[in-house]
Every structure is written in C-alpha cells, then in structure tokens.
Amino acid sequence: MKSLNTLIATTLMIAAFSATANDSGQNLSEGSKHSVLAAGHSAVGGSQVASGAVAVPMLMVGGVGQLSKTVGNEMVGFASGQPQPLPVSDKTITADAAPNMTMLEE
Amino acid sequence: MKRLLAVFCTLIVAARLPAWAGSEQNRQAQFEPQQIATFAKQVEQYAAGQGAHAFIIARVGRPAEDLPEGIRFTHTAIAVYSMIETASGEKLPGYAIHNLYQYADSPERSKLVIDYPVDFFWGVQSLEAGIIIPKPALQKRLVNLIASGANQQLHNPSYSVIANPFDLTYQNCTEHTLDLLNAAIYQTEDRGQLKANAKAHFQPQAVAASRFKLMLGSWLMADVETSDHGDQVATATFSTIGQYLLDYGLAQQAVIMTEQGTTQPLLDAPLI
C-alpha cells in the first residue's frame with residue numbers, strides 16, 4: 001500500500017512536469033511545412049510558396065538592377081523623410097529546411 | 001519514509017508550476033496552414049503599409065490562461081524589410097525576422113536564426129501579432145546594426161526564459177531585442193554600458209509567481225533560472241519594450257493585430 005502511494009504520487013509528478021516543462025510538442029520539419037503550404041496554395045489558387053535562402057536589408061541593397069521587377073525602380077522609404085508604403089511580394093516565403101531534415105524526405 | 005515521499009510529491013504536483021513558453025523555433029501548427037500564411041502576409045502588408053524598414057514583432061505561443069499575469073506575448077524578434085533571394089534565385093521584397101531561438105535539445109542555450117512571417121507564426125496559440133514600429137531614425141539605426149553583424153556580438157547564448165535584463169548572466173529573446181534597441185539608440189555595443197542605461201531608463205515586468213514556484217522551476221527546467229535575480233524577479237517583455245519606446249518618444253506606433261486585420265493600441269489592450 002505504501003509503495004503504491006509512492007508510485008501514484010511519483011507518476012502524477014512526472015506527468016505534471018512533462019505538461020508544463022515541454023510545450024514544443026511534435027515537431028514539424030521545415031520541409032514538411034513547405035509542402036503543406038504549397039499544397040494549400042495550389043488548392044485555393046493562391047500565391048506560390050518560395051524558400052527564402054538569403055535576406056539582405058533593403059536599405060543595404062545597392063543598385064536598382066538587383067531588385068525584382070515587382071519592386072520597381074524607386075527605393076521608397078527614407079528618401080523623402082516620411083515613411084512611404086513599401087511593396088511586399090504576394091508569395092509566401094518560408095525558411096529552407098535544415099540539410100538533415102531535407103534529406104529525411106527522400 | 002515512503003509516505004513522506006508520497007506527500008512531498010503530491011505537494012509538488014499541487015504547486016502547479018507556471019508554464020513558460022520560451023523561444024522555440026519548431027512547433028506544431030494549431031491552425032490550418034493557409035490560415036497562418038494569410039495572417040502572416042497580413043502582418044507583413046500592414047507593416048509595409050506603414051513604411052516600416054524595421055519593426056519589433058511578437059507572437060502568442062501559449063494559451064493566455066497559462067501565462068503569468070502581465071505577459072501577453074511569449075516571443076519577440078525584429079523584422080527587417082529585405083530583399084529575399086529564394087532557392088530558385090528569384091529576388092522578392094518582404095520581411096526577414098531576426099530571432100533568438102532556444103536549441104530544441106538544449107533549451108538552456110540559444111542561437112540567432114532568420115526566418116519569415118509564416119515560420120514565425122507557424123505554431124502560435126492565437127492568430128494575433130504584436131507590432132511596434134520605431135521612429136524612422138531608430139529603424140535605420142537598427143537596420144545598420146543588424147547588417148553590420150552587431151546582433152551577433154550582442155548575443156549571449158546562455159538562456160533563461162525569465163532573464164534579468166539588467167545583467168549579463170542570461171539572455172532571452174526580449175532582452176536581446178532590448179539590447180539591440182539600446183545599442184541603436186546609444187550607438188554603442190559596450191554591453192556594460194547598455195546594461196547601465198537599461199537599468200536607468202527601462203522598466204521590466206515583475207514576474208507574478210511565488211519565489212518557491214520559480215525556484216522549483218529552476219531545479220526542474222533547464223531554461224528557467226533565478227540566480228540572476230535579487231528579491232524581485234523581473235524580465236523584459238514585448239509590452240514593456242513598447243512602453244519604453246513610447247515613453248521616450250521613439251515609437252511611431254505600438255499595436256496588436258487580430259486575425260481579422262483590425263488593430264488596437266498595445267498598451268490599452270486588456271489581457272484575455
């Protein structure tokens with residue numbers, strides 16, 4: 001009886017700590033996220049999904065030739081001294097999967 | 001002896017440790033992927049519509065009822081308007097988010113990671129976003145700071161979810177954000193000076209949990225530390241950062257955006 005009390009209490013304790021100490025849950029790999037997003041976008045005919053590889057602050061970008069045609073030929077923002085609306089892509093950009101997670105998909 | 005152990009264990013269970021959300025990179029989605037993507041794009045478009053080259057962004061990673069009093073958002077980062085080159089070589093304008101995330105297998109350690117709005121909001125418990133847009137001059141300094149790699153220099157990989165923002169022992173995502181803001185404001189990367197300035201001018205959030213619970217947490221959870229605190233445990237939060245920038249006239253706006261696309265002032269918003 002005493003051992004049973006101890007066992008029950010210890011089990012409850014472990015269960016309680018597990019619930020609060022770890023809320024990361026089941027991980028969804030970045031590669032899987034890209035796949036479900038792409039599938040979802042295809043189903044509703046929405047924008048495409050793209051994997052972002054390198055991000056450079058737009059204020060650091062030199063030369064309008066480097067910009068996507070969707071941005072246009074004018075750097076908006078601080079030039080006029082007043083905040084101006086900035087263009088953003090309609091595409092959903094997601095971070096690439098880590099190399100080991102990418103290989104798991106094969 | 002065994003009965004005493006059973007009673008002790010039962011008391012521990014009854015203590016009900018507070019839930020700490022931390023800064024985790026990979027979490028399972030609680031909403032449909034398209035719903036998350038639509039919300040993330042809405043946040044992006046809102047910030048872009050305000051002309052934000054850099055803004056502070058926050059998410060809700062735990063159910064509101066599980067969070068300590070006074071804390072609404074569980075992870076904070078800096079979003080920077082960027083030219084994003086995709087894996088296919090296409091160059092797209094959008095926001096890259098500069099995060100401090102815990103290692104999944106070593107939560108007491110952190111790393112700096114860049115992701116994008118859909119990644120940032122992937123595992124949230126609530127589709128709402130905290131958005132603080134600094135004044136343009138501060139935005140520009142922040143962008144320069146991050147572009148120069150100073151965010152790496154100001155990163156302390158020793159992580160505590162309730163890190164003391166006034167010392168150098170541990171660092172969480174909000175303290176790192178505060179450090180970057182102050183580095184931009186004071187134009188220095190001297191960490192000692194940054195801490196002195198924060199102590200003089202920044203008001204952290206007192207953590208509403210008993211010292212006993214916090215101590216228990218520090219024994220049992222790798223990412224909860226109390227050794228860097230005095231009598232009062234207090235930490236930086238998204239809301240206190242918003243208050244700090246508003247108090248000193250350094251914020252263009254500080255809002256909460258809902259899934260429906262409406263915004264409300266950050267500091268008037270009641271906790272759910």
# chains A, B, ... in the order shown; residues from 1 in each chain; ligands from 1
>>> interface_residues(of="chain B", to="chain A", cutoff="6 Å", atoms="only C-alpha atoms", output="list in words")
Ala6, Cys9, Thr10, Val13, Ala19, Asn26, Arg27, Gln28, Pro33, Gln34, Ala48, Gly49, Gln50, Gly51, Tyr81, Ser82, Met83, Ile84, Glu85, Thr86, Ala87, Lys91, Leu92, Pro93, Gly94, Asp115 and Tyr116 of chain B
>>> closest_atom_pairs(of="stretch 48-126 of chain B", to="stretch 238-254 of chain B", cutoff="12 Å", atoms="only C-alpha atoms", output="Markdown table")
| residue | atom | partner | partner_atom | distance |
| --- | --- | --- | --- | --- |
| B:Gln50 | CA | B:Gln252 | CA | 9.3 |
| B:Gly51 | CA | B:Gln252 | CA | 10.5 |
| B:Ala52 | CA | B:Gln252 | CA | 9.5 |
| B:Ala54 | CA | B:Gln252 | CA | 11.4 |
| B:Phe55 | CA | B:Ala251 | CA | 9.6 |
| B:Ile56 | CA | B:Phe238 | CA | 8.3 |
| B:Ile57 | CA | B:Phe238 | CA | 8.3 |
| B:Ala58 | CA | B:Phe238 | CA | 6.8 |
| B:Arg59 | CA | B:Phe238 | CA | 9.4 |
| B:Val60 | CA | B:Phe238 | CA | 10.8 |
| B:Gly70 | CA | B:Ser239 | CA | 8.6 |
| B:Ile71 | CA | B:Ser239 | CA | 7.7 |
| B:Arg72 | CA | B:Ser239 | CA | 7.9 |
| B:Phe73 | CA | B:Phe238 | CA | 6.6 |
| B:Thr74 | CA | B:Phe238 | CA | 8.2 |
| B:His75 | CA | B:Phe238 | CA | 7.9 |
| B:Thr76 | CA | B:Phe238 | CA | 6.3 |
| B:Ala77 | CA | B:Phe238 | CA | 9.1 |
| B:Ile78 | CA | B:Phe238 | CA | 11.1 |
>>> select_by_dssp(residues="stretch 84-233 of chain B", states="alpha helix (DSSP H)", output="PyMOL selection string")
chain B and resi 117-120+136-147+150-153+173-186+191-201+211-220
